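Undergrad: Sharing a structure with you now.
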Amino acid sequence: MIRGVVDRALPISRQLIGAHSASTARVARRAPTRAAAMPAPAGDAMSGFKEPAVIFFDCDDCLYKNDWKVANMLTRKIESFCAERLQMKEGYAYELYKKWGTCLRGMQQEGILNCPELLEEYLEYSHDIPLHEHIGPDPELRAMLQSLDPSIPRWVFTASIEPHARRCLELLGVADLFEGIIDVRAVDWVTKHDADAYAAAMRIAGVDDPSACLFLDDSTSNVRAAKKVGWRTVLVGTHARDCGSKIECAEADVIVDRVHQLVDVAPGLFVGDVAPAGAGV
């Protein structure tokens, strides 16, 4: 299981691990046992930075890649809810996404989704998709994560909701390898375009130095926002979703095609023997 303790009850099917509230944030983590420092291997793209105190991984289209099949399903469900349940004009859900970072945040900010019951209905409906049809066990990902320095805590930091992220982790076979899930509820609904989301993630993870945070995400907008607050950044994905063009992102310290390639660009984060990404596959 993902390590952590329940901070507050959630109205959706499960409870949030590692959630933060204004009054308290109780998160149980292993006491760190720092491994002996290792010299940075030649070609280590992270060798010029201090060792991270925490690594944050995005979930969708970062821990897994499937040609945006899950993302497209989520988009269709969101558009369906907005058009049929909320009677929005065609395309307005996407306009909210472009303006606010997520359709959800846009609806909250513009007063469209200000009823708690309607919010829960939206979250449940939009995430009710057959993930098992497009996400399966990933032994290579598991081996990579297990080979990371065990003294560096790993968190999933997602703009989605905890039940969705947990389902993804369970299907991938890596749910036991993270300290917890920091979802949109845990950061008080702000998106990863907002500096407040990163401040909240740091509080939850128990870190106060932005430069000690390493962040992997497939969104250039999120990477830019993270870099602006002082995090170290890895962009996961080299081609754009809509047009397929090659992605450029000056704010990314490193760009990789797949998250598995972290071992290739930052071998100093790993201990023991770990095969390069794709070896033997």
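Residues are referred to by chain and number: the chain letter is A, B, ... according to the order shown in the structure tokens, the number counts from 1 in that chain, and ligands are numbered separately from 1 in the order shown.
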Taking the DSSP assignment computed from this structure's backbone, write out as a ChimeraX atom specification all residues of segment 137-264 of chain A that belong to alpha helix (DSSP H).

TA: /A:139-147,162-172,195-205,220-228,262-264

Undergrad: Can you write out the residues you just picked, keeping N, CA and C atoms, as a short mmCIF file (atom, residue, chain, number, x, y, z; two decimals), in the first residue's frame?

TA:
data_model
loop_
_atom_site.label_atom_id
_atom_site.label_comp_id
_atom_site.auth_asym_id
_atom_site.auth_seq_id
_atom_site.Cartn_x
_atom_site.Cartn_y
_atom_site.Cartn_z
N PRO A 139 6.70 -3.83 -15.38
CA PRO A 139 7.85 -4.29 -14.59
C PRO A 139 9.08 -3.39 -14.71
N GLU A 140 9.26 -2.79 -15.88
CA GLU A 140 10.41 -1.90 -16.07
C GLU A 140 10.28 -0.65 -15.19
N LEU A 141 9.08 -0.10 -15.11
CA LEU A 141 8.84 1.06 -14.26
C LEU A 141 9.07 0.68 -12.80
N ARG A 142 8.55 -0.47 -12.40
CA ARG A 142 8.72 -0.91 -11.01
C ARG A 142 10.20 -1.08 -10.67
N ALA A 143 10.96 -1.68 -11.57
CA ALA A 143 12.38 -1.89 -11.32
C ALA A 143 13.11 -0.56 -11.20
N MET A 144 12.74 0.40 -12.05
CA MET A 144 13.37 1.72 -11.98
C MET A 144 13.09 2.39 -10.66
N LEU A 145 11.83 2.39 -10.24
CA LEU A 145 11.45 3.05 -8.98
C LEU A 145 12.12 2.36 -7.78
N GLN A 146 12.19 1.04 -7.82
CA GLN A 146 12.81 0.31 -6.71
C GLN A 146 14.30 0.56 -6.62
N SER A 147 14.90 0.96 -7.73
CA SER A 147 16.34 1.19 -7.75
C SER A 147 16.72 2.61 -7.34
N GLU A 162 -7.40 11.57 -6.02
CA GLU A 162 -6.69 10.43 -5.46
C GLU A 162 -7.21 9.08 -5.94
N PRO A 163 -8.53 8.84 -5.96
CA PRO A 163 -9.00 7.53 -6.42
C PRO A 163 -8.53 7.18 -7.84
N HIS A 164 -8.54 8.18 -8.72
CA HIS A 164 -8.08 7.93 -10.09
C HIS A 164 -6.59 7.60 -10.11
N ALA A 165 -5.78 8.40 -9.43
CA ALA A 165 -4.34 8.15 -9.41
C ALA A 165 -4.03 6.80 -8.78
N ARG A 166 -4.73 6.46 -7.72
CA ARG A 166 -4.49 5.17 -7.06
C ARG A 166 -4.81 4.01 -8.00
N ARG A 167 -5.90 4.11 -8.74
CA ARG A 167 -6.23 3.07 -9.71
C ARG A 167 -5.11 2.91 -10.74
N CYS A 168 -4.57 4.02 -11.21
CA CYS A 168 -3.47 3.96 -12.18
C CYS A 168 -2.26 3.25 -11.58
N LEU A 169 -1.89 3.62 -10.35
CA LEU A 169 -0.73 3.02 -9.70
C LEU A 169 -0.93 1.53 -9.48
N GLU A 170 -2.13 1.15 -9.08
CA GLU A 170 -2.41 -0.26 -8.84
C GLU A 170 -2.32 -1.06 -10.14
N LEU A 171 -2.84 -0.51 -11.23
CA LEU A 171 -2.78 -1.20 -12.51
C LEU A 171 -1.34 -1.31 -13.01
N LEU A 172 -0.54 -0.29 -12.75
CA LEU A 172 0.87 -0.32 -13.15
C LEU A 172 1.69 -1.27 -12.28
N ALA A 195 1.58 28.69 -8.20
CA ALA A 195 2.66 28.49 -7.24
C ALA A 195 2.16 27.91 -5.92
N ASP A 196 0.90 28.20 -5.58
CA ASP A 196 0.36 27.68 -4.33
C ASP A 196 0.31 26.15 -4.31
N ALA A 197 0.14 25.54 -5.47
CA ALA A 197 0.11 24.07 -5.53
C ALA A 197 1.46 23.49 -5.12
N TYR A 198 2.53 24.13 -5.53
CA TYR A 198 3.86 23.63 -5.21
C TYR A 198 4.20 23.88 -3.75
N ALA A 199 3.75 25.00 -3.22
CA ALA A 199 3.95 25.27 -1.80
C ALA A 199 3.22 24.24 -0.95
N ALA A 200 2.00 23.89 -1.36
CA ALA A 200 1.23 22.89 -0.62
C ALA A 200 1.89 21.52 -0.71
N ALA A 201 2.38 21.16 -1.88
CA ALA A 201 3.05 19.87 -2.04
C ALA A 201 4.29 19.78 -1.15
N MET A 202 5.02 20.87 -1.06
CA MET A 202 6.21 20.88 -0.20
C MET A 202 5.83 20.73 1.27
N ARG A 203 4.75 21.40 1.69
CA ARG A 203 4.31 21.26 3.08
C ARG A 203 3.93 19.82 3.39
N ILE A 204 3.21 19.20 2.47
CA ILE A 204 2.78 17.83 2.67
C ILE A 204 3.97 16.88 2.73
N ALA A 205 4.94 17.11 1.87
CA ALA A 205 6.13 16.25 1.81
C ALA A 205 7.14 16.58 2.90
N THR A 220 4.39 20.99 -20.26
CA THR A 220 5.36 22.09 -20.28
C THR A 220 4.90 23.24 -19.40
N SER A 221 3.58 23.47 -19.32
CA SER A 221 3.06 24.54 -18.46
C SER A 221 3.38 24.25 -17.00
N ASN A 222 3.22 23.00 -16.59
CA ASN A 222 3.52 22.63 -15.21
C ASN A 222 5.01 22.72 -14.93
N VAL A 223 5.81 22.30 -15.88
CA VAL A 223 7.26 22.37 -15.72
C VAL A 223 7.71 23.83 -15.58
N ARG A 224 7.13 24.70 -16.38
CA ARG A 224 7.48 26.12 -16.28
C ARG A 224 7.11 26.69 -14.92
N ALA A 225 5.92 26.33 -14.43
CA ALA A 225 5.48 26.82 -13.12
C ALA A 225 6.37 26.29 -12.01
N ALA A 226 6.74 25.02 -12.10
CA ALA A 226 7.61 24.42 -11.09
C ALA A 226 8.99 25.07 -11.09
N LYS A 227 9.50 25.31 -12.27
CA LYS A 227 10.82 25.95 -12.38
C LYS A 227 10.79 27.36 -11.80
N LYS A 228 9.68 28.04 -12.00
CA LYS A 228 9.55 29.41 -11.51
C LYS A 228 9.63 29.48 -9.99
N LEU A 262 14.79 8.13 -16.61
CA LEU A 262 15.41 8.89 -15.53
C LEU A 262 16.75 8.27 -15.14
N VAL A 263 16.83 6.96 -15.18
CA VAL A 263 18.07 6.27 -14.84
C VAL A 263 19.18 6.61 -15.82
N ASP A 264 18.85 6.93 -17.06
CA ASP A 264 19.85 7.27 -18.06
C ASP A 264 20.40 8.68 -17.89
#

Undergrad: Need to verify the contact set: Ile129 of chain A, 10 Å, only C-alpha atoms, exclusion of same-chain residues closer than 3 positions in sequence. Can you return it as a list in words?

TA: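 My list of contacting residues is Val70, Met73, Leu74, Lys77, Glu124, Tyr125, Ser126, His132, Glu133 and His164 of chain A.
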
Undergrad: Given the selection you just returned, output its residues as a file containing N, CA, C and O atoms, formatted as a PDB file, in the first residue's frame.

TA:
ATOM      1  N   VAL A  70      -6.055   7.466 -22.281  1.00  0.00           N
ATOM      2  CA  VAL A  70      -6.756   7.810 -21.039  1.00  0.00           C
ATOM      3  C   VAL A  70      -7.124   9.288 -21.043  1.00  0.00           C
ATOM      4  O   VAL A  70      -8.237   9.665 -20.673  1.00  0.00           O
ATOM      5  N   MET A  73     -10.136   9.833 -23.146  1.00  0.00           N
ATOM      6  CA  MET A  73     -11.357   9.372 -22.495  1.00  0.00           C
ATOM      7  C   MET A  73     -11.819  10.364 -21.441  1.00  0.00           C
ATOM      8  O   MET A  73     -13.016  10.667 -21.335  1.00  0.00           O
ATOM      9  N   LEU A  74     -10.885  10.877 -20.647  1.00  0.00           N
ATOM     10  CA  LEU A  74     -11.229  11.868 -19.624  1.00  0.00           C
ATOM     11  C   LEU A  74     -11.809  13.125 -20.267  1.00  0.00           C
ATOM     12  O   LEU A  74     -12.798  13.689 -19.785  1.00  0.00           O
ATOM     13  N   LYS A  77     -15.370  12.547 -21.327  1.00  0.00           N
ATOM     14  CA  LYS A  77     -16.289  12.504 -20.181  1.00  0.00           C
ATOM     15  C   LYS A  77     -16.544  13.916 -19.633  1.00  0.00           C
ATOM     16  O   LYS A  77     -17.678  14.262 -19.280  1.00  0.00           O
ATOM     17  N   GLU A 124     -16.900  12.131  -9.936  1.00  0.00           N
ATOM     18  CA  GLU A 124     -17.181  10.704 -10.090  1.00  0.00           C
ATOM     19  C   GLU A 124     -17.472  10.362 -11.545  1.00  0.00           C
ATOM     20  O   GLU A 124     -16.958   9.366 -12.079  1.00  0.00           O
ATOM     21  N   TYR A 125     -18.280  11.179 -12.198  1.00  0.00           N
ATOM     22  CA  TYR A 125     -18.648  10.915 -13.588  1.00  0.00           C
ATOM     23  C   TYR A 125     -17.433  11.003 -14.511  1.00  0.00           C
ATOM     24  O   TYR A 125     -17.211  10.116 -15.351  1.00  0.00           O
ATOM     25  N   SER A 126     -16.656  12.051 -14.374  1.00  0.00           N
ATOM     26  CA  SER A 126     -15.565  12.279 -15.323  1.00  0.00           C
ATOM     27  C   SER A 126     -14.445  11.258 -15.193  1.00  0.00           C
ATOM     28  O   SER A 126     -13.707  11.016 -16.152  1.00  0.00           O
ATOM     29  N   HIS A 132      -8.422  -0.095 -16.944  1.00  0.00           N
ATOM     30  CA  HIS A 132      -7.799  -1.410 -17.126  1.00  0.00           C
ATOM     31  C   HIS A 132      -7.629  -1.778 -18.594  1.00  0.00           C
ATOM     32  O   HIS A 132      -6.820  -2.652 -18.920  1.00  0.00           O
ATOM     33  N   GLU A 133      -8.363  -1.123 -19.466  1.00  0.00           N
ATOM     34  CA  GLU A 133      -8.233  -1.416 -20.892  1.00  0.00           C
ATOM     35  C   GLU A 133      -6.987  -0.785 -21.500  1.00  0.00           C
ATOM     36  O   GLU A 133      -6.576  -1.173 -22.603  1.00  0.00           O
ATOM     37  N   HIS A 164      -8.536   8.175  -8.725  1.00  0.00           N
ATOM     38  CA  HIS A 164      -8.080   7.930 -10.095  1.00  0.00           C
ATOM     39  C   HIS A 164      -6.593   7.597 -10.111  1.00  0.00           C
ATOM     40  O   HIS A 164      -6.169   6.616 -10.754  1.00  0.00           O
TER      41      HIS A 164
END

Undergrad: Pick from A:Asp149, A:Asp217, A:Asp61, A:Glu248: nearest to Thr233 of chain A, with only C-alpha atoms counted?

TA: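 So, comparing all the options, the nearest one is A:Asp217.
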
Undergrad: Could you please determine the separation between atom CA of Ile152 of chain A and atom CA of Phe215 of chain A in Å, to one decimal place?

TA: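 Computing it gives 12.8 Å between the two atoms.
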
Undergrad: Report as a list in words all protein, DNA and RNA residues lying within 7 Å of Ala93 of chain A, evaluated on only C-alpha atoms, omitting residues in the same chain fewer than 2 positions from it.

TA: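 The contact residues come out as Glu79, Cys82, Gly91, Glu95, Leu96, Tyr97 and Cys103 of chain A.
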
Undergrad: Report as an NGL selection string all protein, DNA and RNA residues lying within 8 Å of Val207 of chain A, evaluated on only C-alpha atoms, omitting residues in the same chain fewer than 6 positions from it.

TA: :A and (53-54 or 213)

Undergrad: Go ahead and dump the residues you just picked, all heavy atoms, as a tab-separated table (two decimals), in the first residue's frame.

TA:
chain	number	residue	atom	x	y	z
A	53	ALA	N	15.80	16.18	-1.95
A	53	ALA	CA	15.24	15.69	-0.69
A	53	ALA	C	13.94	14.95	-0.93
A	53	ALA	O	13.47	14.20	-0.07
A	53	ALA	CB	15.00	16.85	0.27
A	54	VAL	N	13.34	15.15	-2.12
A	54	VAL	CA	12.07	14.51	-2.46
A	54	VAL	C	11.93	14.52	-3.98
A	54	VAL	O	12.44	15.41	-4.66
A	54	VAL	CB	10.88	15.25	-1.79
A	54	VAL	CG1	10.81	16.69	-2.27
A	54	VAL	CG2	9.56	14.54	-2.05
A	213	CYS	N	13.66	19.90	-4.47
A	213	CYS	CA	12.52	19.17	-5.03
A	213	CYS	C	12.79	18.84	-6.50
A	213	CYS	O	13.10	19.73	-7.29
A	213	CYS	CB	11.25	20.01	-4.94
A	213	CYS	SG	10.76	20.43	-3.25

Undergrad: Looking only at strand (DSSP E) from DSSP on the backbone, list the matching residues of segment 21-185 of chain A as a list in words.

TA: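 DSSP-assigned strand (DSSP E) residues in segment 21-185 of chain A: Val54, Ile55, Phe56, Phe57, Arg154, Trp155, Val156, Phe157, Gly180, Ile181 and Ile182 of chain A.
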